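Report on the following structure.
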Amino acid sequence: MRDAQAPITFYRKDYTAPNYKISRTDLTFTLNPSRTKVASRLEFEVWDHSNPDNLPLELDGEDLELDQVLLNGEKLDATCYTQSHTGLTIHNPGREGVLEITVYIQPDQNTRLEGLYVSNGNFFTQCEAQGFRRITYFSDRPDVLSQFTVTLIANEATHPVSLSNGNLIEEKKLGEGLHMTRWEDPFPKPAYLFALVAGRFVCQEETVKKGDGKPALLQVWVEPGNLDKTDFAMQSLKKSIDWDRERFGLELDLDRFMIVATADFNMGAMENKGLNIFNTKFVFANPELATDVDFENVESVVGHEYFHNWTGNRVTCRDWFQLSLKEGLTVFRDQEFSADMMAEGLDEVQADSARAVKRIEDVKVLRAAQFPEDAGPMAHPIRPDSYQEINNFYTVTVYEKGAEVIRMQHTLLGEQLFQRGMQIYFERHDGQAVTCEDFVGAMETALQEAHPELDLKQFRHWYSQAGTPEVSASWTQTNGQLVLTLKQNCRPTPGQAIKPAFHIPVKLGFVEKASGRDVPLQLESNTNALHGDVLDFTESTQTFVFTGLDKPVVPSLLRSFSAPVILQSAHTTDDLIFLAGHDNDPFNRWDACQKIYGKAILDIYLQRGLTDGANTQAAVQIVENLLKDKQLSDGFLALALQLPSEGTLLEAFDGLVDPVAMHFARTTLRDLLACTFGADFKAIYDARNLTGQPYSYNAVAASQRALKNVALAYLVAAGADEELNVAKAQYAASNNMTDRMAALSNIVHNGPGNPPELAEFFERFNNEALAVDKWFMLQATVPASNENVNTLQTVRELLKHPSFTLKNPNRARSLLAAFAMQNPSVFHSHSGDGYALWADLVIELNTINPQVAARMARGLDRWTKLVPALQEKAHKQLERVLDTDKLSPDVREVIGKALDAATH
């Protein structure tokens, strides 16, 4: 039956400061897997000295066994406090004092992986967003910053290593097989940044010099047997430290910085001050186990968590509505770091191409994941106005769109003024918990130091408005002038029917048809809307007149994807073909290819498989031009030859859509291109198939492999046994995971069921969890176009595999998320069986790990965009999940909002 308890909604407008500060926190853990004792000593004082006397001290707490409470050394009678299932309230604590609390918890029963839990016999914590309340009673909110000292008492034989935040100040043996370590973090922090790790670990360590010349110890801790997978993470950490110093002027501020890896982790990693806890997926990297994409992700995530040391830790969020304050800013920083690392050591032309490849990769994620979220029931601004469960707002909107909002400020201000804004931000707010408005205010101050007449008032709409703006562009060119008209509209989203115009920076250029060169931009003198090559677009409809254009040009709009919008331009097919071959902005060159491919696939979809349309011929022309252009880098060409993802295509279709039919339409174009240009793809493949060459991860080598494997995919798509044998030969000869996975993917997704290579892969890697995750994922994503395989039945059988468990988030994602979110042609099967299996697993996961279950529940966010027959089946399963007894708030919010979408 459906839970009678109505969900609680929290609103940003209701924020109030707490009654008390907790200036110092001393914690003592006596670690025991089944019964850990946590003793806390909290020094508190009133938040504001104007507060009245006798305000209650309200502490959060969940699933805690309370032993005793002492106030200023005196044991409190139960009448002096109120204990509930969500917290502890001290009725008359006084204006200041010392509160001592002892509780017991059961880490080995904590399958939620929030708070303190046990993984493979070792202790770990995850406290963001609200996990600390599952460790002890505390004011578990980000605006309460406290200086922590932590004492860890553990069994020396079973848990010889024990770590916490900050600096190690004492360690000793206690007798009876116990040992103690004491840690002190010199920087006040909110509870969500607390961390504890204890168990059997080994580490790689290096000493580096900080900016002040003093040494700092860097450590990467892993379970025994995994040390050979840590070198790349260590090198990434060192690069992150150097880059943050050089680009942002920000120094490592601790004597010790540690990374610890665990296989059981809900997220990718966590930036706990000085003790980052990582999912093994973003630490382990060697050529045998990690693909080029894995290496790139390790470098990016290591950078991301280190950069949080300042943008998240030294300056943190006032409340969880401000989550993008730290996450959007830090994603922008890690994107810039990754782009610079990809360009490192390359000449200017190669470096520009490498950065462009990174930008394209980031936008692909945004379009495939964030645009659908903005159009769906979970749409929310990057600074939400309300939430029911904060874990559900760790979203691509808060992170990736948040990064785009920071990037737009960087575009508007330029690098120099943006860095000045960052300097002002830290000068004003170091050591504080602040808001998104505080960040924009710092940027606005920097802007007005140079341009007093400018402000970011209208730009702030990006923080408060949900949805993806749609921008239409049209133009006419006559008598040396080009008149450009831009219109913007943002469709209604839940709770926001009408939205004021956004401030959209439109980076642009005009490409001369005759020469293919950019021509100077000259805007009529009566406007100051153009800053360099960036146009300020601030009205619902706005017209700009450019002069000095004696020869025909093709506008190149939104260069480098200067704003997260959907652009609907008046470009003709010929214009797009021209831009795909001549645009001087690599992103727009790639985007022109994508638009042509998308038009062709949608035509095939609407014409039920016919390929004689003009857009299909244009797609063929695009590929022919790309293959003839010998100036393109391998990395760019690999991206330019790839068709839009099925998810992107589904969102682009303006109407109710059948994902199965869309899959076959995309496959039809892919196969046409494969057959038309088979000889070209074979030549590309042969030129880059350097069998036996030692593996190295760098931008050039990774680009060569990427292009080779794109060519391989087209070769296999041609359908002949001979081409499938090319993949089999690559698999047999591979000396790295990139080539091995590319070959195996083609074999599994296009060939007969249960190929011997699949069994060989499992036998080779069955003791490597991350490789086994890849093995599950490959089988869960076999598309409907492979008639040799019943993927739904395969997934059912894999659920019973001895290596599968829903308790490990990585393993759950490798099968359930891969099936429901990466295989639309099977998940959306007209039988409805895919939806039924999804519902079964979401319901089961709900009792194990609600946070992971809620993420899996997002699989049917966009069910109202499906054709009616599929909508009916999806609705039935959504209702079944919502009717589940004891449904967690995490899942209830996702499913409830999905069902509410039917009424909007």
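Each chain of the structure tokens is named A, B, ... in the order shown, its residues numbered from 1; ligands are numbered from 1 in display order.
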
message: I'd like the contact shell of A:Arg141 - 8 Å cut-off, only C-alpha atoms, skipping same-chain residues fewer than 6 positions apart - returned as JSON, numbers by chain.
response: {"A": [130, 190, 191, 192, 319]}

Create the file for the chosen residues now, containing N, CA and C atoms and written as an mmCIF file, in the first residue's frame.
```cif
data_model
loop_
_atom_site.group_PDB
_atom_site.id
_atom_site.type_symbol
_atom_site.label_atom_id
_atom_site.label_comp_id
_atom_site.auth_asym_id
_atom_site.auth_seq_id
_atom_site.Cartn_x
_atom_site.Cartn_y
_atom_site.Cartn_z
ATOM 1 N N GLN A 130 23.694 14.562 4.246
ATOM 2 C CA GLN A 130 23.201 14.512 5.617
ATOM 3 C C GLN A 130 23.501 13.176 6.263
ATOM 4 N N PRO A 190 32.018 22.247 8.139
ATOM 5 C CA PRO A 190 30.721 21.653 8.462
ATOM 6 C C PRO A 190 30.849 20.135 8.582
ATOM 7 N N ALA A 191 29.858 19.534 9.212
ATOM 8 C CA ALA A 191 29.919 18.092 9.475
ATOM 9 C C ALA A 191 29.959 17.271 8.210
ATOM 10 N N TYR A 192 29.416 17.790 7.110
ATOM 11 C CA TYR A 192 29.381 16.975 5.890
ATOM 12 C C TYR A 192 30.777 16.705 5.340
ATOM 13 N N ASP A 319 23.499 26.704 2.812
ATOM 14 C CA ASP A 319 22.456 25.680 2.911
ATOM 15 C C ASP A 319 22.517 24.860 1.643
#
```

- request: Within stretch 391-640 of chain A, find each residue whose DSSP state, derived from the backbone, is strand (DSSP E), and express the selection as a ChimeraX atom specification.
  value: /A:432-434,470-478,481-489,504-512,518-519,530-531,534-537,541-546,553-557,566-569

Residues as selected, C-alpha atoms, written as a short mmCIF file (atom, residue, chain, number, x, y, z; two decimals), in the first residue's frame, can you do that?
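Everything below was put into again-v3.cif:
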```cif
data_model
loop_
_atom_site.label_atom_id
_atom_site.label_comp_id
_atom_site.auth_asym_id
_atom_site.auth_seq_id
_atom_site.Cartn_x
_atom_site.Cartn_y
_atom_site.Cartn_z
CA GLN A 432 32.48 31.18 5.63
CA ALA A 433 29.31 29.40 4.50
CA VAL A 434 27.77 31.58 1.79
CA GLU A 470 15.38 28.06 -26.96
CA VAL A 471 17.04 30.66 -29.16
CA SER A 472 15.91 31.20 -32.76
CA ALA A 473 18.20 33.08 -35.13
CA SER A 474 17.40 34.56 -38.53
CA TRP A 475 19.22 37.08 -40.72
CA THR A 476 19.31 38.92 -43.97
CA GLN A 477 22.36 40.32 -45.73
CA THR A 478 22.01 43.20 -48.19
CA GLN A 481 24.82 44.94 -43.86
CA LEU A 482 23.71 41.82 -42.03
CA VAL A 483 20.62 42.17 -39.86
CA LEU A 484 20.57 39.43 -37.22
CA THR A 485 17.37 38.81 -35.25
CA LEU A 486 17.49 36.67 -32.12
CA LYS A 487 14.45 35.47 -30.18
CA GLN A 488 14.48 33.56 -26.90
CA ASN A 489 11.84 31.50 -25.15
CA ILE A 504 22.67 35.06 -22.96
CA PRO A 505 26.24 35.60 -24.15
CA VAL A 506 26.32 34.71 -27.85
CA LYS A 507 29.84 34.20 -29.12
CA LEU A 508 29.78 34.58 -32.88
CA GLY A 509 31.68 35.00 -36.11
CA PHE A 510 30.90 35.53 -39.78
CA VAL A 511 32.55 33.11 -42.18
CA GLU A 512 33.06 34.47 -45.68
CA ASP A 518 36.32 35.00 -40.52
CA VAL A 519 35.62 38.65 -41.27
CA LEU A 530 29.18 43.53 -28.63
CA HIS A 531 32.24 42.85 -26.49
CA VAL A 534 30.52 38.13 -27.63
CA LEU A 535 27.05 39.57 -28.14
CA ASP A 536 24.87 40.45 -25.14
CA PHE A 537 21.44 38.98 -25.89
CA THR A 541 13.50 39.63 -29.31
CA GLN A 542 16.56 41.62 -30.28
CA THR A 543 17.91 42.82 -33.62
CA PHE A 544 21.55 43.61 -34.31
CA VAL A 545 22.87 45.31 -37.44
CA PHE A 546 26.41 44.49 -38.59
CA VAL A 553 28.92 35.34 -45.17
CA VAL A 554 27.46 32.49 -43.12
CA PRO A 555 26.90 33.38 -39.44
CA SER A 556 28.55 31.04 -36.93
CA LEU A 557 26.51 31.41 -33.74
CA ILE A 566 18.88 25.08 -27.84
CA LEU A 567 19.72 26.99 -31.02
CA GLN A 568 17.22 26.93 -33.88
CA SER A 569 18.87 28.78 -36.73
#
```

- prompt: Taking the backbone alone, and naming residues the way the document does, which bits of stretch 405-586 of chain A are helix (DSSP H, G or I) by DSSP, as a VMD selection string?
  reply: chain A and resid 405 to 429 436 to 450 458 to 464 559 to 561 573 to 582 586

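One finds atom CA of A:Cys436 at 14.0 Å from atom CA of A:Lys13.
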
message: When you look at A:Gly832 with a cut-off of 8 Å (counting only C-alpha atoms), what residues show up, excluding the ones that are within fewer than 5 positions of it in the same chain? I need them as number ranges by chain.
response: A: 870, 873-874

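Taking atom CA of A:Leu163 and atom CA of A:Arg182 as the two end points, the separation is 8.6 Å.
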
Residue nearest A:His830 - candidates A:Leu758, A:Leu724, A:Ile90, A:Val660, atoms counted: only C-alpha atoms: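 Comparing A:Leu758, A:Leu724, A:Ile90, A:Val660 against A:His830, the winner is A:Val660.
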
Would you give me, as JSON lines, each residue of stretch 337-436 of chain A having an atom within 9 Å of an atom of stretch 289-311 of chain A, along with its shortest atom pair and that distance in Å to one decimal, using only C-alpha atoms and sorting by chain and residue number?
```
{"residue": "A:Phe337", "atom": "CA", "partner": "A:Gly303", "partner_atom": "CA", "distance": 7.4}
{"residue": "A:Ser338", "atom": "CA", "partner": "A:Ser300", "partner_atom": "CA", "distance": 6.0}
{"residue": "A:Met341", "atom": "CA", "partner": "A:Glu299", "partner_atom": "CA", "distance": 8.9}
{"residue": "A:Met342", "atom": "CA", "partner": "A:Glu296", "partner_atom": "CA", "distance": 9.0}
{"residue": "A:Phe426", "atom": "CA", "partner": "A:Trp310", "partner_atom": "CA", "distance": 8.6}
{"residue": "A:Asp430", "atom": "CA", "partner": "A:Trp310", "partner_atom": "CA", "distance": 8.4}
```

message: Please determine, counting only C-alpha atoms, which residue among A:Arg245, A:Arg880, A:Lys239, A:Lys21 has the shortest atom-to-atom distance to A:Gly97.
response: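 With only C-alpha atoms as the atom set, the closest residue is A:Lys21.
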
message: Using only C-alpha atoms, which protein or nucleic acid residues come within 8 Å of A:Leu650? Drop anything in the same chain fewer than 6 positions from it, and give the result as number ranges by chain.
response: A: 657, 659, 662

- request: Fewer than 4 positions away in the same chain doesn't count, so skip those; otherwise give me all residues within 10 Å of A:Gln350, counting only C-alpha atoms, as a ChimeraX atom specification.
  value: /A:342-346,354-356,632-633,635,699-700

Write out, as an mmCIF file, in the first residue's frame, the residues just selected, with C-alpha atoms.
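This is the output file result_15.cif:
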```cif
data_model
loop_
_atom_site.group_PDB
_atom_site.id
_atom_site.type_symbol
_atom_site.label_atom_id
_atom_site.label_comp_id
_atom_site.auth_asym_id
_atom_site.auth_seq_id
_atom_site.Cartn_x
_atom_site.Cartn_y
_atom_site.Cartn_z
ATOM 1 C CA MET A 342 44.914 17.387 -22.722
ATOM 2 C CA ALA A 343 46.715 20.273 -24.412
ATOM 3 C CA GLU A 344 49.901 19.930 -22.350
ATOM 4 C CA GLY A 345 53.039 19.502 -24.429
ATOM 5 C CA LEU A 346 51.283 19.989 -27.789
ATOM 6 C CA ALA A 354 42.608 19.021 -27.811
ATOM 7 C CA ARG A 355 40.758 21.740 -25.907
ATOM 8 C CA ALA A 356 37.988 21.716 -28.504
ATOM 9 C CA LEU A 632 41.647 17.395 -39.090
ATOM 10 C CA SER A 633 43.077 15.955 -35.916
ATOM 11 C CA GLY A 635 40.439 13.430 -31.897
ATOM 12 C CA ALA A 699 46.019 13.201 -25.907
ATOM 13 C CA VAL A 700 47.616 12.233 -29.210
#
```

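Residues surrounding stretch 252-261 of chain A within 6 Å are Ala216, Leu217, Leu218, Gln219, Val220, Trp221, Val222, Gly274, Leu275, Asn276, Ile277, Phe278, Asn279 and Thr280 of chain A [only C-alpha atoms; sequence separation below 2 positions excluded].
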
Deliver the residues from the most recent selection as a file, using C-alpha atoms, as a CSV table (one decimal), in the first residue's frame.
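As a result, result.csv now contains:
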```
chain,number,residue,atom,x,y,z
A,216,ALA,CA,53.4,18.3,2.3
A,217,LEU,CA,52.8,14.6,2.3
A,218,LEU,CA,50.6,13.1,-0.4
A,219,GLN,CA,49.1,9.6,0.1
A,220,VAL,CA,46.9,7.4,-2.0
A,221,TRP,CA,45.6,4.5,0.2
A,222,VAL,CA,44.1,1.3,-1.2
A,274,GLY,CA,42.4,16.5,3.6
A,275,LEU,CA,40.9,13.0,3.4
A,276,ASN,CA,39.2,12.5,0.1
A,277,ILE,CA,37.3,9.2,-0.1
A,278,PHE,CA,36.9,7.9,-3.7
A,279,ASN,CA,35.0,5.2,-5.5
A,280,THR,CA,37.7,2.8,-6.9
```

- request: Quick one: everything within 10 Å of stretch 48-50 of chain A, counting only C-alpha atoms, minus sequence neighbours fewer than 4 positions away in the same chain. Send it as a PyMOL selection string.
  value: chain A and resi 17-21+95

How about saving the chosen residues, C-alpha atoms kept, as a JSON list (two decimals), in the first residue's frame?
```json
[["chain", "number", "residue", "atom", "x", "y", "z"],
["A", 17, "ALA", "CA", 20.18, 30.57, 11.07],
["A", 18, "PRO", "CA", 20.56, 27.94, 13.81],
["A", 19, "ASN", "CA", 20.20, 28.90, 17.46],
["A", 20, "TYR", "CA", 23.76, 27.86, 18.32],
["A", 21, "LYS", "CA", 27.27, 27.63, 16.93],
["A", 95, "ARG", "CA", 23.98, 30.71, 26.20]]
```

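We find atom CA of A:Asn750 and atom CA of A:Glu787 to be spaced 8.8 Å apart.
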
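Considering the residues A:Asn110, A:Asn625, A:Gln851, A:Asn823 and counting only C-alpha atoms, A:Thr125 has its shortest atom-to-atom contact with A:Asn110.
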
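Closest approach to A:Gly61 among A:Arg41, A:Arg133, A:Arg407, A:Lys238: A:Arg133, based on only C-alpha atoms.
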
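Minimum atom-to-atom distance to A:Trp47, evaluated using only C-alpha atoms, belongs to A:Ile22 out of A:His179, A:Thr493, A:Ile22, A:Phe194.
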